>>> print(open('structure.txt').read())   # compact mmCIF, C-alpha atoms
# COMPACT_ATOMS: atom_id res chain seq x y z
CA MET A 1 93.60 78.46 72.96
CA SER A 2 90.66 80.82 73.00
CA ILE A 3 91.20 84.27 74.54
CA MET A 4 88.16 86.52 74.91
CA GLY A 5 88.29 90.23 75.59
CA VAL A 6 86.50 91.57 78.68
CA TYR A 7 85.99 95.34 78.53
CA LEU A 8 85.09 96.83 81.91
CA ALA A 9 82.91 99.89 81.23
CA ALA A 10 80.42 99.70 84.12
CA GLY A 11 82.03 102.13 86.57
CA SER A 12 79.95 104.91 88.11
CA SER A 13 82.68 107.57 87.72
CA ARG A 14 82.14 109.06 91.19
CA ARG A 15 85.53 110.80 91.25
CA MET A 16 84.88 112.38 87.85
CA GLY A 17 81.52 113.92 88.76
CA CYS A 18 79.89 112.82 85.51
CA ARG A 19 79.73 109.51 83.62
CA LYS A 20 83.18 109.40 82.07
CA GLN A 21 82.58 106.69 79.48
CA SER A 22 80.80 109.22 77.25
CA LEU A 23 83.26 112.08 77.71
CA GLU A 24 84.79 113.19 74.43
CA LEU A 25 88.54 113.47 74.01
CA ALA A 26 87.73 115.14 70.70
CA PRO A 27 84.50 115.55 68.70
CA GLY A 28 83.17 112.07 68.02
CA MET A 29 85.89 110.31 70.04
CA HIS A 30 84.51 109.12 73.35
CA LEU A 31 86.80 108.14 76.20
CA ALA A 32 85.50 104.56 76.33
CA GLY A 33 85.38 104.14 72.56
CA SER A 34 89.12 104.36 72.02
CA GLY A 35 90.04 101.43 74.28
CA LEU A 36 87.20 99.31 72.92
CA ALA A 37 88.49 99.70 69.37
CA ALA A 38 91.97 98.65 70.52
CA LEU A 39 90.61 95.53 72.24
CA ARG A 40 88.54 94.64 69.18
CA ASP A 41 91.66 94.81 67.01
CA SER A 42 93.90 92.82 69.37
CA GLY A 43 93.11 89.38 68.01
CA VAL A 44 90.72 88.18 70.72
CA SER A 45 88.25 85.51 69.66
CA GLY A 46 85.26 87.31 71.17
CA LEU A 47 84.52 90.46 73.12
CA ILE A 48 82.34 91.01 76.22
CA VAL A 49 81.54 94.66 76.98
CA VAL A 50 80.41 94.99 80.61
CA VAL A 51 78.21 98.06 81.14
CA HIS A 52 76.23 99.77 83.89
CA PRO A 53 72.41 99.36 83.72
CA GLU A 54 71.93 103.16 83.79
CA ASP A 55 74.49 103.96 81.08
CA PRO A 56 72.75 105.30 77.94
CA LEU A 57 75.69 103.89 75.94
CA VAL A 58 76.05 106.91 73.67
CA TRP A 59 79.77 106.05 73.52
CA LEU A 60 79.16 102.59 72.11
CA ASP A 61 79.48 102.74 68.33
CA ALA A 62 76.43 101.10 66.80
CA GLY A 63 78.40 100.43 63.63
CA LEU A 64 80.96 98.43 65.61
CA LEU A 65 78.18 96.22 66.98
CA ALA A 66 76.40 95.83 63.66
CA ASP A 67 79.40 95.09 61.43
CA GLN A 68 81.15 92.10 62.98
CA ALA A 69 81.87 90.12 59.84
CA ASP A 70 85.60 90.82 59.94
CA GLY A 71 86.12 90.98 63.71
CA PRO A 72 85.31 89.21 66.96
CA GLY A 73 81.73 88.68 68.04
CA ILE A 74 80.70 91.35 70.53
CA VAL A 75 78.31 90.80 73.44
CA VAL A 76 77.08 93.64 75.68
CA ALA A 77 76.66 92.35 79.25
CA VAL A 78 74.68 94.56 81.64
CA CYS A 79 76.05 94.17 85.17
CA LEU A 80 73.13 94.79 87.52
CA GLU A 81 75.50 94.75 90.54
CA ALA A 82 77.96 97.26 89.05
CA ASP A 83 77.43 99.76 91.87
CA GLN A 84 78.89 97.23 94.32
CA GLY A 85 82.37 97.69 92.84
CA MET A 86 84.76 96.63 90.09
CA ALA A 87 84.87 93.04 91.34
CA LEU A 88 81.26 92.49 90.30
CA SER A 89 81.90 93.86 86.81
CA LEU A 90 84.96 91.63 86.42
CA GLN A 91 82.99 88.60 87.56
CA CYS A 92 80.20 89.43 85.12
CA GLY A 93 82.65 89.47 82.24
CA ILE A 94 84.49 86.34 83.33
CA ARG A 95 81.23 84.39 83.71
CA ALA A 96 80.21 85.29 80.18
CA ALA A 97 83.64 84.34 78.81
CA SER A 98 83.69 81.07 80.78
CA ASP A 99 80.22 80.15 79.51
CA ALA A 100 81.54 80.71 75.99
CA GLY A 101 84.39 78.25 76.63
CA ALA A 102 87.27 80.74 76.87
CA ASP A 103 90.68 79.45 77.99
CA ALA A 104 91.63 82.96 79.13
CA VAL A 105 90.39 86.55 79.14
CA LEU A 106 92.13 89.76 78.21
CA VAL A 107 90.78 92.35 80.66
CA ALA A 108 90.88 96.01 79.61
CA LEU A 109 89.47 99.17 81.19
CA ALA A 110 87.22 101.73 79.54
CA ASP A 111 89.20 104.62 81.03
CA GLN A 112 92.53 103.81 79.36
CA PRO A 113 92.14 105.66 76.04
CA TYR A 114 95.73 105.30 74.85
CA VAL A 115 96.11 101.53 75.08
CA SER A 116 97.03 100.12 71.67
CA PRO A 117 96.24 96.88 69.82
CA ALA A 118 100.00 96.24 69.59
CA TRP A 119 100.41 96.30 73.38
CA LEU A 120 97.41 94.02 73.86
CA MET A 121 98.84 91.61 71.29
CA GLN A 122 102.16 91.63 73.16
CA LEU A 123 100.37 90.55 76.36
CA ILE A 124 98.55 87.78 74.49
CA ASP A 125 101.76 86.57 72.82
CA ALA A 126 103.57 86.47 76.18
CA TRP A 127 100.81 84.29 77.65
CA ARG A 128 100.67 81.96 74.65
CA SER A 129 104.45 81.54 74.53
CA ALA A 130 104.73 80.30 78.13
CA PRO A 131 102.29 77.44 78.76
CA GLY A 132 101.33 77.23 82.42
CA LEU A 133 101.24 80.94 83.14
CA ASP A 134 98.18 81.99 85.09
CA TYR A 135 98.42 85.64 84.12
CA VAL A 136 100.29 88.31 82.20
CA MET A 137 99.69 91.81 83.55
CA SER A 138 100.78 95.27 82.57
CA LYS A 139 102.80 97.30 85.04
CA ALA A 140 103.69 100.95 85.52
CA GLU A 141 106.83 101.32 87.59
CA ARG A 142 106.14 98.63 90.26
CA GLU A 143 102.35 98.64 90.15
CA ALA A 144 100.52 95.84 88.34
CA MET A 145 97.39 96.85 86.45
CA PRO A 146 95.20 96.05 83.46
CA PRO A 147 95.26 95.37 80.64
CA ALA A 148 95.91 91.81 81.75
CA VAL A 149 95.52 88.27 80.48
CA LEU A 150 93.96 85.97 83.08
CA SER A 151 93.96 82.22 82.48
CA ALA A 152 90.91 80.09 83.23
CA THR A 153 92.90 78.77 86.21
CA MET A 154 92.08 82.09 87.92
CA PHE A 155 88.36 82.26 87.13
CA GLU A 156 87.19 80.47 90.27
CA VAL A 157 89.25 82.65 92.60
CA ALA A 158 88.14 85.79 90.76
CA ALA A 159 84.57 84.88 91.74
CA GLY A 160 85.53 85.51 95.37
CA LEU A 161 86.67 89.12 94.87
CA LYS A 162 84.62 91.78 96.62
CA GLY A 163 83.91 95.50 96.25
CA ASP A 164 86.54 97.39 94.28
CA GLN A 165 89.07 94.56 94.28
CA GLY A 166 90.34 94.16 90.74
CA ALA A 167 92.40 91.54 88.95
CA LYS A 168 95.66 92.63 90.58
CA ARG A 169 94.26 91.51 93.97
CA LEU A 170 94.65 87.94 92.72
CA LEU A 171 98.43 88.37 92.58
CA ASP A 172 98.59 88.15 96.38
CA SER A 173 98.03 84.41 96.12
CA SER A 174 101.22 82.34 95.84
CA ARG A 175 99.35 79.66 93.91
CA PHE A 176 99.45 81.74 90.71
CA GLN A 177 102.45 82.28 88.45
CA GLY A 178 102.73 85.00 85.87
CA LEU A 179 104.53 87.90 84.24
CA ARG A 180 104.33 91.67 84.69
CA LEU A 181 105.34 93.61 81.61
CA ALA A 182 105.97 97.35 81.29
CA PRO A 183 105.37 99.07 77.95
CA ALA A 184 108.11 101.25 76.53
CA ASN A 185 105.61 104.11 76.40
CA PRO A 186 103.92 104.63 79.81
CA LEU A 187 101.17 106.68 78.12
CA LEU A 188 99.62 103.37 77.04
CA LEU A 189 98.57 102.70 80.63
CA LEU A 190 97.27 106.17 81.48
CA ASP A 191 93.86 105.84 83.15
CA ILE A 192 91.38 108.65 83.69
CA ASP A 193 89.62 108.92 87.07
CA THR A 194 89.47 112.64 87.90
CA PRO A 195 88.72 115.92 86.08
CA GLU A 196 92.42 116.78 86.30
CA GLU A 197 93.43 113.52 84.63
CA TRP A 198 90.77 114.01 81.97
CA ALA A 199 92.08 117.51 81.27
CA GLU A 200 95.57 116.07 80.81
CA ALA A 201 94.24 113.32 78.53
CA LYS A 202 92.48 115.92 76.37
CA ARG A 203 95.63 118.03 76.24
CA ILE A 204 97.66 115.05 75.02
CA TRP A 205 94.98 114.14 72.47
CA MET A 206 94.89 117.72 71.20
CA LEU A 207 98.68 117.78 70.79
CA GLN A 208 98.57 114.54 68.83
CA THR A 209 95.64 115.45 66.58
CA ASN A 210 95.44 119.26 66.67
CA GLN A 211 91.76 119.01 67.62
CA HIS A 212 90.03 121.25 70.15
CA PRO A 213 89.12 119.31 73.35
CA PRO A 214 85.39 119.33 74.29
CA MET A 215 83.87 120.17 77.68
CA CYS A 216 82.26 117.86 80.26
CA LYS A 217 78.47 117.57 80.18
CA LYS A 218 76.91 116.20 83.37
>>> encode(input="structure.txt", output="structure tokens")
Amino acid sequence: MSIMGVYLAAGSSRRMGCRKQSLELAPGMHLAGSGLAALRDSGVSGLIVVVHPEDPLVWLDAGLLADQADGPGIVVAVCLEADQGMALSLQCGIRAASDAGADAVLVALADQPYVSPAWLMQLIDAWRSAPGLDYVMSKAEREAMPPAVLSATMFEVAAGLKGDQGAKRLLDSSRFQGLRLAPANPLLLLDIDTPEEWAEAKRIWMLQTNQHPPMCKK
């Protein structure tokens, strides 16, 4: 069964005050680049990177796009409707994956820098090991969130999402069956939406690598 990665990197970062995809956790390590590398190394058969039309994409490693011989094929999908909310970005990625014949998608967010390939593989393995599951989602405490595997059985309903409704909105429907898994390390699901959260993410990165955290450039 073919599982394609869908990387949602088209957000406008209104709460951050500057485009967060290109923020650096450390010199040369962009916020959005870390999660993309993890998704690339998770075993997906292909990778769709959904981006905003006004994003200069300085965070997107040209080497990663050019050297795909040993990894999944990567397609950059510009979502012209990205300003209308996350739902439009998700739909853009799902359409591209569906057109490529995917049986499921692994949806990951560009503002989760600590997600690991091992956790993404665990989500994929859980979906593959239980035929008939419509989804396998991550959860923190009781809240479901990406990264998440969504089966093709959910693609049509996902097309009806609006505004900032994300994949977890689909869980309200009783027609879908799935799992919600919590990682042993909650840091894996840390997402960065505000300057305060970014400051904490840089602090953690600095502690782990002993590198000096950079400043925000608007």
>>> closest_atom_pairs(input="structure.txt", of="region 96-148 of chain A", to="region 31-41 of chain A", cutoff="10 Å", atoms="all atoms listed in the file", output="tab-separated table")
residue	atom	partner	partner_atom	distance
A:Leu106	CA	A:Leu39	CA	8.4
A:Val107	CA	A:Leu39	CA	9.0
A:Ala108	CA	A:Leu39	CA	7.4
A:Leu109	CA	A:Gly35	CA	7.3
A:Ala110	CA	A:Ala32	CA	4.6
A:Asp111	CA	A:Ala32	CA	6.0
A:Gln112	CA	A:Gly35	CA	6.1
A:Pro113	CA	A:Gly35	CA	5.0
A:Tyr114	CA	A:Gly35	CA	6.9
A:Val115	CA	A:Gly35	CA	6.1
A:Ser116	CA	A:Ala38	CA	5.4
A:Pro117	CA	A:Ala38	CA	4.7
A:Ala118	CA	A:Ala38	CA	8.4
A:Trp119	CA	A:Ala38	CA	9.2
A:Leu120	CA	A:Leu39	CA	7.2
A:Met121	CA	A:Asp41	CA	9.0
A:Pro147	CA	A:Leu39	CA	9.6
>>> atom_distance(input="structure.txt", atom1="CA of Ala184 (chain A)", atom2="CA of Ile124 (chain A)")
16.6 Å
>>> closest_residue(input="structure.txt", among="A:Ala82, A:Gln208, A:Lys202, A:Leu60", to="Pro27 (chain A)", atoms="only C-alpha atoms")
A:Lys202
>>> closest_residue(input="structure.txt", among="A:Val6, A:Ala26, A:Val149, A:Val51", to="Asp125 (chain A)", atoms="all atoms listed in the file")
A:Val149
>>> atom_distance(input="structure.txt", atom1="CA of Cys92 (chain A)", atom2="CA of Phe176 (chain A)")
21.5 Å
>>> closest_residue(input="structure.txt", among="A:Ala9, A:Gly93, A:Gln84, A:His30", to="Leu47 (chain A)", atoms="all atoms listed in the file")
A:Gly93
>>> decode(input="structure.txt", residues="region 184-200 of chain A", atoms="all heavy atoms", output="PDB file, in the first residue's frame")
ATOM      1  N   ALA A 184       6.114   8.445  23.691  1.00  0.00           N
ATOM      2  CA  ALA A 184       6.664   8.440  25.039  1.00  0.00           C
ATOM      3  C   ALA A 184       7.266   9.797  25.392  1.00  0.00           C
ATOM      4  O   ALA A 184       7.223  10.227  26.546  1.00  0.00           O
ATOM      5  CB  ALA A 184       7.725   7.346  25.159  1.00  0.00           C
ATOM      6  N   ASN A 185       7.800  10.476  24.387  1.00  0.00           N
ATOM      7  CA  ASN A 185       8.389  11.795  24.592  1.00  0.00           C
ATOM      8  C   ASN A 185       7.461  12.859  23.994  1.00  0.00           C
ATOM      9  O   ASN A 185       7.382  12.989  22.772  1.00  0.00           O
ATOM     10  CB  ASN A 185       9.763  11.872  23.938  1.00  0.00           C
ATOM     11  CG  ASN A 185      10.447  13.210  24.169  1.00  0.00           C
ATOM     12  OD1 ASN A 185       9.904  14.091  24.842  1.00  0.00           O
ATOM     13  ND2 ASN A 185      11.631  13.368  23.607  1.00  0.00           N
ATOM     14  N   PRO A 186       6.756  13.649  24.817  1.00  0.00           N
ATOM     15  CA  PRO A 186       5.823  14.642  24.286  1.00  0.00           C
ATOM     16  C   PRO A 186       6.495  15.742  23.484  1.00  0.00           C
ATOM     17  O   PRO A 186       5.831  16.450  22.716  1.00  0.00           O
ATOM     18  CB  PRO A 186       5.153  15.214  25.550  1.00  0.00           C
ATOM     19  CG  PRO A 186       6.086  14.908  26.668  1.00  0.00           C
ATOM     20  CD  PRO A 186       6.763  13.625  26.296  1.00  0.00           C
ATOM     21  N   LEU A 187       7.818  15.895  23.610  1.00  0.00           N
ATOM     22  CA  LEU A 187       8.539  16.905  22.835  1.00  0.00           C
ATOM     23  C   LEU A 187       8.381  16.668  21.332  1.00  0.00           C
ATOM     24  O   LEU A 187       8.425  17.621  20.544  1.00  0.00           O
ATOM     25  CB  LEU A 187      10.028  16.878  23.213  1.00  0.00           C
ATOM     26  CG  LEU A 187      10.942  17.880  22.508  1.00  0.00           C
ATOM     27  CD1 LEU A 187      10.535  19.313  22.844  1.00  0.00           C
ATOM     28  CD2 LEU A 187      12.392  17.622  22.878  1.00  0.00           C
ATOM     29  N   LEU A 188       8.157  15.424  20.936  1.00  0.00           N
ATOM     30  CA  LEU A 188       8.012  15.107  19.519  1.00  0.00           C
ATOM     31  C   LEU A 188       6.856  15.861  18.870  1.00  0.00           C
ATOM     32  O   LEU A 188       6.872  16.121  17.661  1.00  0.00           O
ATOM     33  CB  LEU A 188       7.808  13.603  19.325  1.00  0.00           C
ATOM     34  CG  LEU A 188       8.966  12.684  19.713  1.00  0.00           C
ATOM     35  CD1 LEU A 188       8.572  11.233  19.525  1.00  0.00           C
ATOM     36  CD2 LEU A 188      10.207  13.017  18.904  1.00  0.00           C
ATOM     37  N   LEU A 189       5.838  16.206  19.663  1.00  0.00           N
ATOM     38  CA  LEU A 189       4.648  16.851  19.116  1.00  0.00           C
ATOM     39  C   LEU A 189       4.610  18.351  19.385  1.00  0.00           C
ATOM     40  O   LEU A 189       3.609  19.008  19.070  1.00  0.00           O
ATOM     41  CB  LEU A 189       3.383  16.199  19.685  1.00  0.00           C
ATOM     42  CG  LEU A 189       3.243  14.695  19.450  1.00  0.00           C
ATOM     43  CD1 LEU A 189       1.917  14.195  20.010  1.00  0.00           C
ATOM     44  CD2 LEU A 189       3.366  14.345  17.966  1.00  0.00           C
ATOM     45  N   LEU A 190       5.679  18.905  19.918  1.00  0.00           N
ATOM     46  CA  LEU A 190       5.714  20.344  20.186  1.00  0.00           C
ATOM     47  C   LEU A 190       5.551  21.119  18.888  1.00  0.00           C
ATOM     48  O   LEU A 190       6.301  20.914  17.930  1.00  0.00           O
ATOM     49  CB  LEU A 190       7.046  20.713  20.842  1.00  0.00           C
ATOM     50  CG  LEU A 190       7.261  22.193  21.149  1.00  0.00           C
ATOM     51  CD1 LEU A 190       6.329  22.651  22.267  1.00  0.00           C
ATOM     52  CD2 LEU A 190       8.719  22.450  21.528  1.00  0.00           C
ATOM     53  N   ASP A 191       4.542  22.021  18.835  1.00  0.00           N
ATOM     54  CA  ASP A 191       4.401  22.865  17.650  1.00  0.00           C
ATOM     55  C   ASP A 191       4.609  24.324  18.047  1.00  0.00           C
ATOM     56  O   ASP A 191       4.383  24.724  19.179  1.00  0.00           O
ATOM     57  CB  ASP A 191       3.077  22.652  16.921  1.00  0.00           C
ATOM     58  CG  ASP A 191       1.867  22.927  17.785  1.00  0.00           C
ATOM     59  OD1 ASP A 191       2.024  23.352  18.933  1.00  0.00           O
ATOM     60  OD2 ASP A 191       0.745  22.715  17.297  1.00  0.00           O
ATOM     61  N   ILE A 192       5.053  25.115  17.072  1.00  0.00           N
ATOM     62  CA  ILE A 192       5.520  26.471  17.333  1.00  0.00           C
ATOM     63  C   ILE A 192       4.595  27.459  16.620  1.00  0.00           C
ATOM     64  O   ILE A 192       4.586  27.531  15.389  1.00  0.00           O
ATOM     65  CB  ILE A 192       6.965  26.674  16.831  1.00  0.00           C
ATOM     66  CG1 ILE A 192       7.857  25.510  17.259  1.00  0.00           C
ATOM     67  CG2 ILE A 192       7.509  28.006  17.300  1.00  0.00           C
ATOM     68  CD1 ILE A 192       7.927  25.287  18.734  1.00  0.00           C
ATOM     69  N   ASP A 193       3.810  28.208  17.409  1.00  0.00           N
ATOM     70  CA  ASP A 193       2.872  29.174  16.836  1.00  0.00           C
ATOM     71  C   ASP A 193       3.134  30.611  17.269  1.00  0.00           C
ATOM     72  O   ASP A 193       2.694  31.546  16.596  1.00  0.00           O
ATOM     73  CB  ASP A 193       1.429  28.805  17.221  1.00  0.00           C
ATOM     74  CG  ASP A 193       0.962  27.526  16.562  1.00  0.00           C
ATOM     75  OD1 ASP A 193       1.259  27.327  15.369  1.00  0.00           O
ATOM     76  OD2 ASP A 193       0.310  26.714  17.237  1.00  0.00           O
ATOM     77  N   THR A 194       3.803  30.815  18.391  1.00  0.00           N
ATOM     78  CA  THR A 194       3.968  32.148  18.956  1.00  0.00           C
ATOM     79  C   THR A 194       5.448  32.427  19.234  1.00  0.00           C
ATOM     80  O   THR A 194       6.261  31.487  19.311  1.00  0.00           O
ATOM     81  CB  THR A 194       3.194  32.284  20.272  1.00  0.00           C
ATOM     82  OG1 THR A 194       3.800  31.426  21.255  1.00  0.00           O
ATOM     83  CG2 THR A 194       1.728  31.907  20.094  1.00  0.00           C
ATOM     84  N   PRO A 195       5.818  33.709  19.407  1.00  0.00           N
ATOM     85  CA  PRO A 195       7.209  34.015  19.762  1.00  0.00           C
ATOM     86  C   PRO A 195       7.651  33.323  21.045  1.00  0.00           C
ATOM     87  O   PRO A 195       8.820  32.911  21.160  1.00  0.00           O
ATOM     88  CB  PRO A 195       7.185  35.539  19.926  1.00  0.00           C
ATOM     89  CG  PRO A 195       6.084  35.999  19.021  1.00  0.00           C
ATOM     90  CD  PRO A 195       5.030  34.922  19.133  1.00  0.00           C
ATOM     91  N   GLU A 196       6.751  33.184  21.998  1.00  0.00           N
ATOM     92  CA  GLU A 196       7.105  32.510  23.246  1.00  0.00           C
ATOM     93  C   GLU A 196       7.428  31.041  23.018  1.00  0.00           C
ATOM     94  O   GLU A 196       8.392  30.496  23.596  1.00  0.00           O
ATOM     95  CB  GLU A 196       5.965  32.655  24.253  1.00  0.00           C
ATOM     96  CG  GLU A 196       5.701  34.073  24.726  1.00  0.00           C
ATOM     97  CD  GLU A 196       4.950  34.925  23.717  1.00  0.00           C
ATOM     98  OE1 GLU A 196       4.348  34.369  22.774  1.00  0.00           O
ATOM     99  OE2 GLU A 196       4.982  36.167  23.873  1.00  0.00           O
ATOM    100  N   GLU A 197       6.630  30.384  22.178  1.00  0.00           N
ATOM    101  CA  GLU A 197       6.882  28.972  21.875  1.00  0.00           C
ATOM    102  C   GLU A 197       8.160  28.810  21.070  1.00  0.00           C
ATOM    103  O   GLU A 197       8.897  27.827  21.251  1.00  0.00           O
ATOM    104  CB  GLU A 197       5.682  28.390  21.129  1.00  0.00           C
ATOM    105  CG  GLU A 197       4.437  28.263  21.996  1.00  0.00           C
ATOM    106  CD  GLU A 197       3.189  27.949  21.219  1.00  0.00           C
ATOM    107  OE1 GLU A 197       3.192  28.097  19.974  1.00  0.00           O
ATOM    108  OE2 GLU A 197       2.181  27.564  21.848  1.00  0.00           O
ATOM    109  N   TRP A 198       8.430  29.763  20.188  1.00  0.00           N
ATOM    110  CA  TRP A 198       9.673  29.709  19.415  1.00  0.00           C
ATOM    111  C   TRP A 198      10.881  29.872  20.326  1.00  0.00           C
ATOM    112  O   TRP A 198      11.892  29.179  20.188  1.00  0.00           O
ATOM    113  CB  TRP A 198       9.659  30.778  18.324  1.00  0.00           C
ATOM    114  CG  TRP A 198      10.915  30.811  17.510  1.00  0.00           C
ATOM    115  CD1 TRP A 198      11.531  29.761  16.894  1.00  0.00           C
ATOM    116  CD2 TRP A 198      11.718  31.961  17.237  1.00  0.00           C
ATOM    117  NE1 TRP A 198      12.661  30.190  16.242  1.00  0.00           N
ATOM    118  CE2 TRP A 198      12.794  31.532  16.425  1.00  0.00           C
ATOM    119  CE3 TRP A 198      11.611  33.299  17.574  1.00  0.00           C
ATOM    120  CZ2 TRP A 198      13.777  32.404  15.970  1.00  0.00           C
ATOM    121  CZ3 TRP A 198      12.593  34.170  17.109  1.00  0.00           C
ATOM    122  CH2 TRP A 198      13.659  33.724  16.319  1.00  0.00           C
ATOM    123  N   ALA A 199      10.774  30.799  21.294  1.00  0.00           N
ATOM    124  CA  ALA A 199      11.866  30.997  22.244  1.00  0.00           C
ATOM    125  C   ALA A 199      12.144  29.716  23.029  1.00  0.00           C
ATOM    126  O   ALA A 199      13.306  29.350  23.267  1.00  0.00           O
ATOM    127  CB  ALA A 199      11.521  32.146  23.194  1.00  0.00           C
ATOM    128  N   GLU A 200      11.087  29.020  23.420  1.00  0.00           N
ATOM    129  CA  GLU A 200      11.254  27.760  24.143  1.00  0.00           C
ATOM    130  C   GLU A 200      11.877  26.697  23.246  1.00  0.00           C
ATOM    131  O   GLU A 200      12.748  25.926  23.683  1.00  0.00           O
ATOM    132  CB  GLU A 200       9.907  27.276  24.673  1.00  0.00           C
ATOM    133  CG  GLU A 200       9.934  25.930  25.392  1.00  0.00           C
ATOM    134  CD  GLU A 200      10.759  25.930  26.663  1.00  0.00           C
ATOM    135  OE1 GLU A 200      11.193  27.020  27.111  1.00  0.00           O
ATOM    136  OE2 GLU A 200      10.993  24.839  27.209  1.00  0.00           O
TER     137      GLU A 200
END
